[in-house]
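Visitor: Below is a structure I'd like to ask you about.
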Amino acid sequence: MVTRVLALIVKEFLALFRDRNSRMAVVVPPIVQLLVFGYAATFDLENVRLVVLNEDRGSLGRELVSRFERSVGFDVIGFLQTEDEIKPLIDSTRALMALRIGEECSARAGRGESCPVQVIIDGRNSNTAMLALNYVRTIVTDFNQEWAEQVSGTSLPARLTIRAWFNPNLESRWFIVPGIIALLAMIVTLVVTALSVAREREAGTFDQLLVTPLRPVEILIGKAVPGLIVGVGEASLIILVAVFWFRIPLVGSLATLYPALVIYVLSIIGVGLMISSFSATLQQALLGSFLFIVPAVILSGFATPIANMPAFMQKLTYLDPMRYFLTIVRRVFLEGAGLEYFWHDIWPMSVIAVVTLATATWLFRHRMY
Amino acid sequence: MKHEAGMRLAGMIRKEWLQVIRDPSSIAIAFVLPLLLLLIFGYGVSLDARNVPVAVVLEEPGPQGLNFSGGFFQSPYFAPVVTPSIQEAEALLRANRVDGIIWLRANFERDYLNRGSPPMSVIVNGVDANTGRLVQNYIQAIWYGWLEQQAERAGRTLQAPVALEQRIWFNPQIRSTDFLVPGVLAVIMTLIGALLTALVITREWERGTMEALLVTRISVNELLLGKLIPYFILGMGGLALSLVMARFLFHVPMRGSLWLFIATSALFLLVALGMGLFISTMVRSQFVASLIAMISTFLPAFILSGFIFDIRSVPPVIQAVTHLIAARYYVSILQTLFLVGDVWSVILPNALALVAMAVFFLGLVYRRTRKNLE
């Protein structure tokens with residue numbers, strides 16, 4: 001039995017790597033994509049293009065503007081004279097934001113009144129708008145607080161100190177790059193497995209495989225092992241890049257990460273083989289893969305937190321293996337959490353793996369054309 | 001002659017059309033994919049955190065501390081849990097049961113009365129940096145509210161010198177649906193275009209029917225048009241469905257003109273189909289074409305198009321890379337058309353870039369196909 005399965009594994013590897021194009025397609029793009037996405041996928045705003053309409057002639061206006069100039073988030077690209085200049089600049093996306101400081105702000109603040117400062121933000125990308133607004137609020141709150149401290153003369157009745165654990169500077173790259181590990185591991189594993197059975201179905205060689213002495217379980221092992229090796233191997237490469245190129249701190253231990261990674265890859269293999277053995281043609285397998293990949297990525301919490309989704313959508317995420325591994329990989333990297341924190345992530349992933357692998361095996365024989 | 005060419009083209013289209021109808025996966029790509037994606041994006045995705053669980057530790061409950069922490073119980077952004085000790089709160093944070101801790105130490109009330117300006121410590125879980133930052137902002141707002149209250153009690157008014165007035169143009173309520181739905185249209189059209197055509201030429205080679213086609217009198221033009229037209233129609237059908245859902249299910253405004261939307265979408269669909277055909281002519285096996293389609297379509301359109309992650313905050317080198325992604329131009333056009341209107345200074349350059357890409361991909365496909373025919 002072992003030799004039979006071994007022969008099948010060798011055959012699967014040959015099918016995958018004999019062709020130069022497919023060899024390249026499996027190995028190179030994930031690394032390139034990690035490098036590009038690692039920089040591109042960020043929620044940190046940098047150099048938000050800002051125009052200023054400062055109608056105040058006093059120190060308050062100057063001080064406030066200089067705070068924006070000093071902040072890394074903003075890039076003051078121009079000073080305006082009239083209100084009419086704002087609209088064309090924002091409409092054409094040359095500026096994302098306009099800051100308008102009202103007349104006589106300094107004088108009014110001196111009298112203890114408040115003074116309106118208007119911020120106009122391009123809401124086309126509502127996410128960017130929200131982030132920019134938050135940056136503005138932080139600057140303005142700090143400004144007001146220091147002002148209050150100066151005016152009241154004495155110190156404030158209490159001090160607020162905020163610290164962020166695990167990611168002290170709240171860099172979104174630390175959050176996104178571990179996520180990309182989960183993302184690319186999924187794509188690579190699916191690429192290797194989702195096409196493998198459909199391809200043989202279409203070429204007619206799967207029927208030949210079925211009449212050999214190989215039992216369905218042996219076929220399953222033969223089809224799964226290449227996916228496991230490629231998936232875990234590629235993920236390891238990506239982890240290396242994340243740690244040594246992007247310098248994401250790996251606080252936890254690989255001994256926690258790898259068991260979870262193996263189960264994750266197995267669950268993706270199960271999904272991939274299930275799609276593949278359900279499809280009669282490669283076109284169908286390709287469609288099936290996308291019908292899985294796209295919702296899986298969106299529901300995983302990769303880009304937007306699961307906690308912000310509506311309740312029924314949150315329930316759907318429990319079906320998504322990526323959701324569990326994403327939590328694990330982020331927490332192992334940044335928090336250094338050990339396996340004891342993850343059993344309620346690992347068992348659902350294991351269930352998904354077992355169910356999908358079993359279904360795929362059953363489909364080998366029961367979906368015939 | 002002209003008539004004959006028309007007949008050949010019609011025959012080719014009829015053949016492709018039959019293939020589409022016989023394998024329902026093409027129809028599923030055009031209609032099921034948009035349906036599924038729009039539903040998930042339209043309902044499910046938001047970056048705005050609410051009901052963030054936080055642990056409140058008052059080591060020695062007193063009037064000031066209770067007053068401050070009361071702000072958290074009233075805020076819609078927090079779901080506070082009173083925790084007796086900081087150790088327990090930290091354990092909750094480590095177990096991811098809470099996302100933050102508000103901690104007032106035992107001598108807080110005494111120091112407060114003695115004007116010692118005692119610290120109020122806040123710890124947030126920074127793993128999700130974006131949510132962490134939002135939570136920080138919410139906490140600062142509560143803190144500032146508390147300060148104002150304190151000043152009032154002391155008989156002073158703490159008038160903030162700067163009263164911030166925010167105006168979010170084009171999307172005043174910051175409804176993320178209004179911005180995500182136009183963006184997801186671009187992802188959908190990328191997938192539809194590439195998935196429909198990625199296999200249509202390789203399939204002919206692999207099944208040996210390409211040689212049969214080559215011995216007919218069909219020209220390269222007719223062959224390619226025959227491969228493009230049916231899928232173009234399918235793709236536009238998917239687009240129509242998406243538009244109807246965006247308008248009537250998700251109530252995304254459409255402030256630009258419809259004809260411009262249709263024209264630019266048709267243009268983008270040509271680019272996407274061209275990319276698919278390009279994959280299809282590059283390799284001779286459906287397996288490799290599928291591999292390439294899986295790796296090169298969704299993720300770049302998802303991450304590099306500016307649809308969720310803003311391209312403007314990306315380092316210049318990577319920004320240059322995004323210029324190779326057709327979806328980025330289409331996302332720009334769509335966000336402007338849906339939310340702002342016909343702003344030619346945005347639409348024209350992006351549309352020209354799409355024209356250039358369409359010419360590039362279809363030109364490459366044309367050249368490679370002719371070579372193969374010889």
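A note on labels: chains of the structure tokens are A, B, ... as shown, every chain counts residues from 1, and ligands are counted from 1 in their shown order.
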If we count only C-alpha atoms and set the cut-off at 9 Å, which residues sit around Ile262 in chain B, ignoring sequence neighbours fewer than 4 positions away in its own chain? Please answer as a ChimeraX atom specification.
Guide: /B:236,239,257-258,266-267
Visitor: Could you give me, as a PyMOL selection string, each residue of range 86-302 of chain B that DSSP assigns to alpha helix (DSSP H) when run on this structure's backbone?
Guide: chain B and resi 86-94+108-113+129-153+176-197+200-207+209-214+220-244+258-282+286-296+298-302
Visitor: Taking only C-alpha atoms into account, which residues of chain B are within 6 Å of chain A, as an NGL selection string?
Guide: :B and (25 or 44-47 or 49 or 117-129 or 159-171 or 174 or 176 or 179 or 288 or 309 or 313-314 or 335 or 345-346)
Visitor: Counting only C-alpha atoms, which residue out of A:Asp75, A:Leu357, A:Leu266, A:Val27 sits closest to Val217 in chain A?
Guide: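 When distances to Val217 in chain A are compared using only C-alpha atoms, the smallest one comes from A:Leu357.
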Visitor: Run DSSP on the backbone and give me the residues of range 156-261 of chain B it puts in strand (DSSP E or B), as a PyMOL selection string.
Guide: chain B and resi 162-169
Visitor: Give me the residues within 8 Å of Leu326 in chain A as an NGL selection string, counting only C-alpha atoms and dropping any in the same chain fewer than 6 places off.
Guide: :A and (178-179 or 182 or 300-302)
Visitor: Would you put the residues from that selection into a file with all heavy atoms, as a PDB file, in the first residue's frame?
Guide:
```pdb
ATOM      1  N   PRO A 178       1.075  39.361   9.063  1.00  0.00           N
ATOM      2  CA  PRO A 178       0.723  37.995   9.483  1.00  0.00           C
ATOM      3  C   PRO A 178      -0.564  37.506   8.802  1.00  0.00           C
ATOM      4  O   PRO A 178      -0.684  36.330   8.465  1.00  0.00           O
ATOM      5  CB  PRO A 178       0.532  38.124  10.999  1.00  0.00           C
ATOM      6  CG  PRO A 178       1.360  39.279  11.387  1.00  0.00           C
ATOM      7  CD  PRO A 178       1.287  40.236  10.232  1.00  0.00           C
ATOM      8  N   GLY A 179      -1.491  38.424   8.563  1.00  0.00           N
ATOM      9  CA  GLY A 179      -2.708  38.047   7.852  1.00  0.00           C
ATOM     10  C   GLY A 179      -2.418  37.563   6.446  1.00  0.00           C
ATOM     11  O   GLY A 179      -3.042  36.619   5.953  1.00  0.00           O
ATOM     12  N   ALA A 182      -1.618  33.893   6.200  1.00  0.00           N
ATOM     13  CA  ALA A 182      -2.797  33.026   6.124  1.00  0.00           C
ATOM     14  C   ALA A 182      -3.420  33.072   4.729  1.00  0.00           C
ATOM     15  O   ALA A 182      -3.833  32.059   4.170  1.00  0.00           O
ATOM     16  CB  ALA A 182      -3.821  33.450   7.181  1.00  0.00           C
ATOM     17  N   SER A 300     -13.060  36.343   6.811  1.00  0.00           N
ATOM     18  CA  SER A 300     -12.039  35.893   7.759  1.00  0.00           C
ATOM     19  C   SER A 300     -11.651  36.980   8.751  1.00  0.00           C
ATOM     20  O   SER A 300     -11.042  36.693   9.763  1.00  0.00           O
ATOM     21  CB  SER A 300     -10.789  35.469   7.003  1.00  0.00           C
ATOM     22  OG  SER A 300     -10.196  36.602   6.412  1.00  0.00           O
ATOM     23  N   GLY A 301     -11.969  38.233   8.436  1.00  0.00           N
ATOM     24  CA  GLY A 301     -11.472  39.314   9.281  1.00  0.00           C
ATOM     25  C   GLY A 301     -10.123  39.810   8.817  1.00  0.00           C
ATOM     26  O   GLY A 301      -9.440  40.529   9.532  1.00  0.00           O
ATOM     27  N   PHE A 302      -9.725  39.448   7.607  1.00  0.00           N
ATOM     28  CA  PHE A 302      -8.427  39.887   7.097  1.00  0.00           C
ATOM     29  C   PHE A 302      -8.368  41.407   6.976  1.00  0.00           C
ATOM     30  O   PHE A 302      -7.431  42.045   7.418  1.00  0.00           O
ATOM     31  CB  PHE A 302      -8.137  39.244   5.743  1.00  0.00           C
ATOM     32  CG  PHE A 302      -6.949  39.831   5.043  1.00  0.00           C
ATOM     33  CD1 PHE A 302      -5.671  39.548   5.478  1.00  0.00           C
ATOM     34  CD2 PHE A 302      -7.101  40.693   3.963  1.00  0.00           C
ATOM     35  CE1 PHE A 302      -4.572  40.105   4.853  1.00  0.00           C
ATOM     36  CE2 PHE A 302      -6.010  41.252   3.334  1.00  0.00           C
ATOM     37  CZ  PHE A 302      -4.734  40.952   3.779  1.00  0.00           C
TER      38      PHE A 302
END
```
Visitor: Between CA of Val81 in chain B and CA of Val54 in chain B, what is the distance, to one decimal in Å?
Guide: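 Calculated distance between CA of Val81 in chain B and CA of Val54 in chain B is 6.1 Å.
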Visitor: Name all residues at most 10 Å from Ile192 in chain B (count only C-alpha atoms; drop same-chain ones fewer than 3 positions away) and give them as a PyMOL selection string.
Guide: (chain A and resi 287) or (chain B and resi 26-31+33-34+186-189+195-197+231-232+234-236+238-239+269+272-273+276+297)
Visitor: Taking N, CA and C atoms for each residue, export the selection above as a PDB file, in the first residue's frame.
Guide:
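Generated output (result.pdb):
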```pdb
ATOM      1  N   LEU A 287     -14.113  28.164 -11.129  1.00  0.00           N
ATOM      2  CA  LEU A 287     -15.231  28.930 -10.571  1.00  0.00           C
ATOM      3  C   LEU A 287     -15.441  28.565  -9.107  1.00  0.00           C
TER       4      LEU A 287
ATOM      5  N   SER B  26     -20.075  29.071 -16.702  1.00  0.00           N
ATOM      6  CA  SER B  26     -19.856  30.433 -17.220  1.00  0.00           C
ATOM      7  C   SER B  26     -20.973  31.360 -16.783  1.00  0.00           C
ATOM      8  N   ILE B  27     -22.187  30.851 -16.854  1.00  0.00           N
ATOM      9  CA  ILE B  27     -23.318  31.682 -16.442  1.00  0.00           C
ATOM     10  C   ILE B  27     -23.228  31.966 -14.950  1.00  0.00           C
ATOM     11  N   ALA B  28     -22.787  30.948 -14.208  1.00  0.00           N
ATOM     12  CA  ALA B  28     -22.633  31.145 -12.763  1.00  0.00           C
ATOM     13  C   ALA B  28     -21.604  32.228 -12.485  1.00  0.00           C
ATOM     14  N   ILE B  29     -20.514  32.232 -13.272  1.00  0.00           N
ATOM     15  CA  ILE B  29     -19.490  33.260 -13.068  1.00  0.00           C
ATOM     16  C   ILE B  29     -20.106  34.633 -13.269  1.00  0.00           C
ATOM     17  N   ALA B  30     -20.918  34.770 -14.316  1.00  0.00           N
ATOM     18  CA  ALA B  30     -21.459  36.091 -14.632  1.00  0.00           C
ATOM     19  C   ALA B  30     -22.530  36.541 -13.645  1.00  0.00           C
ATOM     20  N   PHE B  31     -23.291  35.604 -13.077  1.00  0.00           N
ATOM     21  CA  PHE B  31     -24.415  36.052 -12.252  1.00  0.00           C
ATOM     22  C   PHE B  31     -24.332  35.660 -10.777  1.00  0.00           C
ATOM     23  N   LEU B  33     -21.536  34.929  -8.965  1.00  0.00           N
ATOM     24  CA  LEU B  33     -20.410  35.596  -8.330  1.00  0.00           C
ATOM     25  C   LEU B  33     -20.765  37.025  -7.892  1.00  0.00           C
ATOM     26  N   PRO B  34     -21.351  37.856  -8.800  1.00  0.00           N
ATOM     27  CA  PRO B  34     -21.720  39.210  -8.352  1.00  0.00           C
ATOM     28  C   PRO B  34     -22.732  39.200  -7.215  1.00  0.00           C
ATOM     29  N   ALA B 186     -15.678  46.637  -9.149  1.00  0.00           N
ATOM     30  CA  ALA B 186     -14.443  46.499  -9.912  1.00  0.00           C
ATOM     31  C   ALA B 186     -13.839  45.116  -9.709  1.00  0.00           C
ATOM     32  N   VAL B 187     -13.888  44.606  -8.470  1.00  0.00           N
ATOM     33  CA  VAL B 187     -13.365  43.267  -8.221  1.00  0.00           C
ATOM     34  C   VAL B 187     -14.205  42.240  -8.992  1.00  0.00           C
ATOM     35  N   ILE B 188     -15.520  42.413  -8.945  1.00  0.00           N
ATOM     36  CA  ILE B 188     -16.407  41.482  -9.637  1.00  0.00           C
ATOM     37  C   ILE B 188     -16.116  41.459 -11.128  1.00  0.00           C
ATOM     38  N   MET B 189     -15.990  42.655 -11.710  1.00  0.00           N
ATOM     39  CA  MET B 189     -15.785  42.696 -13.155  1.00  0.00           C
ATOM     40  C   MET B 189     -14.427  42.107 -13.530  1.00  0.00           C
ATOM     41  N   LEU B 195     -12.131  35.157 -15.570  1.00  0.00           N
ATOM     42  CA  LEU B 195     -12.538  33.752 -15.435  1.00  0.00           C
ATOM     43  C   LEU B 195     -13.274  33.266 -16.674  1.00  0.00           C
ATOM     44  N   LEU B 196     -14.027  34.156 -17.318  1.00  0.00           N
ATOM     45  CA  LEU B 196     -14.778  33.709 -18.484  1.00  0.00           C
ATOM     46  C   LEU B 196     -13.853  33.312 -19.615  1.00  0.00           C
ATOM     47  N   THR B 197     -12.792  34.110 -19.815  1.00  0.00           N
ATOM     48  CA  THR B 197     -12.006  33.889 -21.022  1.00  0.00           C
ATOM     49  C   THR B 197     -10.662  33.205 -20.788  1.00  0.00           C
ATOM     50  N   TYR B 231     -18.864  36.496 -24.405  1.00  0.00           N
ATOM     51  CA  TYR B 231     -18.492  36.726 -23.014  1.00  0.00           C
ATOM     52  C   TYR B 231     -18.660  38.182 -22.627  1.00  0.00           C
ATOM     53  N   PHE B 232     -18.513  39.061 -23.620  1.00  0.00           N
ATOM     54  CA  PHE B 232     -18.776  40.472 -23.374  1.00  0.00           C
ATOM     55  C   PHE B 232     -20.249  40.656 -22.988  1.00  0.00           C
ATOM     56  N   LEU B 234     -22.259  38.377 -21.717  1.00  0.00           N
ATOM     57  CA  LEU B 234     -22.441  37.809 -20.373  1.00  0.00           C
ATOM     58  C   LEU B 234     -21.964  38.773 -19.295  1.00  0.00           C
ATOM     59  N   GLY B 235     -20.779  39.332 -19.523  1.00  0.00           N
ATOM     60  CA  GLY B 235     -20.200  40.245 -18.546  1.00  0.00           C
ATOM     61  C   GLY B 235     -21.074  41.467 -18.337  1.00  0.00           C
ATOM     62  N   MET B 236     -21.615  42.022 -19.433  1.00  0.00           N
ATOM     63  CA  MET B 236     -22.477  43.193 -19.292  1.00  0.00           C
ATOM     64  C   MET B 236     -23.761  42.809 -18.549  1.00  0.00           C
ATOM     65  N   GLY B 238     -23.880  40.591 -16.150  1.00  0.00           N
ATOM     66  CA  GLY B 238     -23.473  40.597 -14.742  1.00  0.00           C
ATOM     67  C   GLY B 238     -23.390  42.014 -14.199  1.00  0.00           C
ATOM     68  N   LEU B 239     -22.916  42.917 -15.044  1.00  0.00           N
ATOM     69  CA  LEU B 239     -22.805  44.317 -14.635  1.00  0.00           C
ATOM     70  C   LEU B 239     -24.185  44.905 -14.355  1.00  0.00           C
ATOM     71  N   LEU B 269     -14.486  46.101 -18.955  1.00  0.00           N
ATOM     72  CA  LEU B 269     -14.769  44.698 -19.248  1.00  0.00           C
ATOM     73  C   LEU B 269     -13.878  44.216 -20.394  1.00  0.00           C
ATOM     74  N   ALA B 272     -10.571  43.462 -18.936  1.00  0.00           N
ATOM     75  CA  ALA B 272     -10.586  42.234 -18.141  1.00  0.00           C
ATOM     76  C   ALA B 272     -10.666  41.003 -19.050  1.00  0.00           C
ATOM     77  N   LEU B 273     -11.521  41.066 -20.079  1.00  0.00           N
ATOM     78  CA  LEU B 273     -11.606  39.947 -21.013  1.00  0.00           C
ATOM     79  C   LEU B 273     -10.286  39.790 -21.751  1.00  0.00           C
ATOM     80  N   GLY B 276      -7.922  37.956 -19.621  1.00  0.00           N
ATOM     81  CA  GLY B 276      -8.253  36.531 -19.633  1.00  0.00           C
ATOM     82  C   GLY B 276      -7.774  35.863 -20.910  1.00  0.00           C
ATOM     83  N   THR B 297      -5.507  37.215 -10.467  1.00  0.00           N
ATOM     84  CA  THR B 297      -6.676  38.075 -10.646  1.00  0.00           C
ATOM     85  C   THR B 297      -7.197  38.676  -9.346  1.00  0.00           C
TER      86      THR B 297
END
```
Visitor: With distances taken over only C-alpha atoms, which of A:Ala224, A:Arg201, A:Asp345, A:Leu34 is nearest to Val10 in chain A?
Guide: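 Among A:Ala224, A:Arg201, A:Asp345, A:Leu34, it is A:Ala224 that comes nearest to Val10 in chain A.
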Visitor: Check the smallest atom-to-atom distance from each of B:Leu35, B:Ile139, B:Ile303, B:Asp23 to Phe73 in chain B using only C-alpha atoms, then report the winner.
Guide: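 Among the listed residues, B:Ile139 lies closest to Phe73 in chain B.
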Visitor: Record the distance separating CA of Thr189 in chain A and CA of Gly338 in chain A, expressed in Å with one decimal.
Guide: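 Atom-to-atom, CA of Thr189 in chain A and CA of Gly338 in chain A are spaced 25.3 Å apart.
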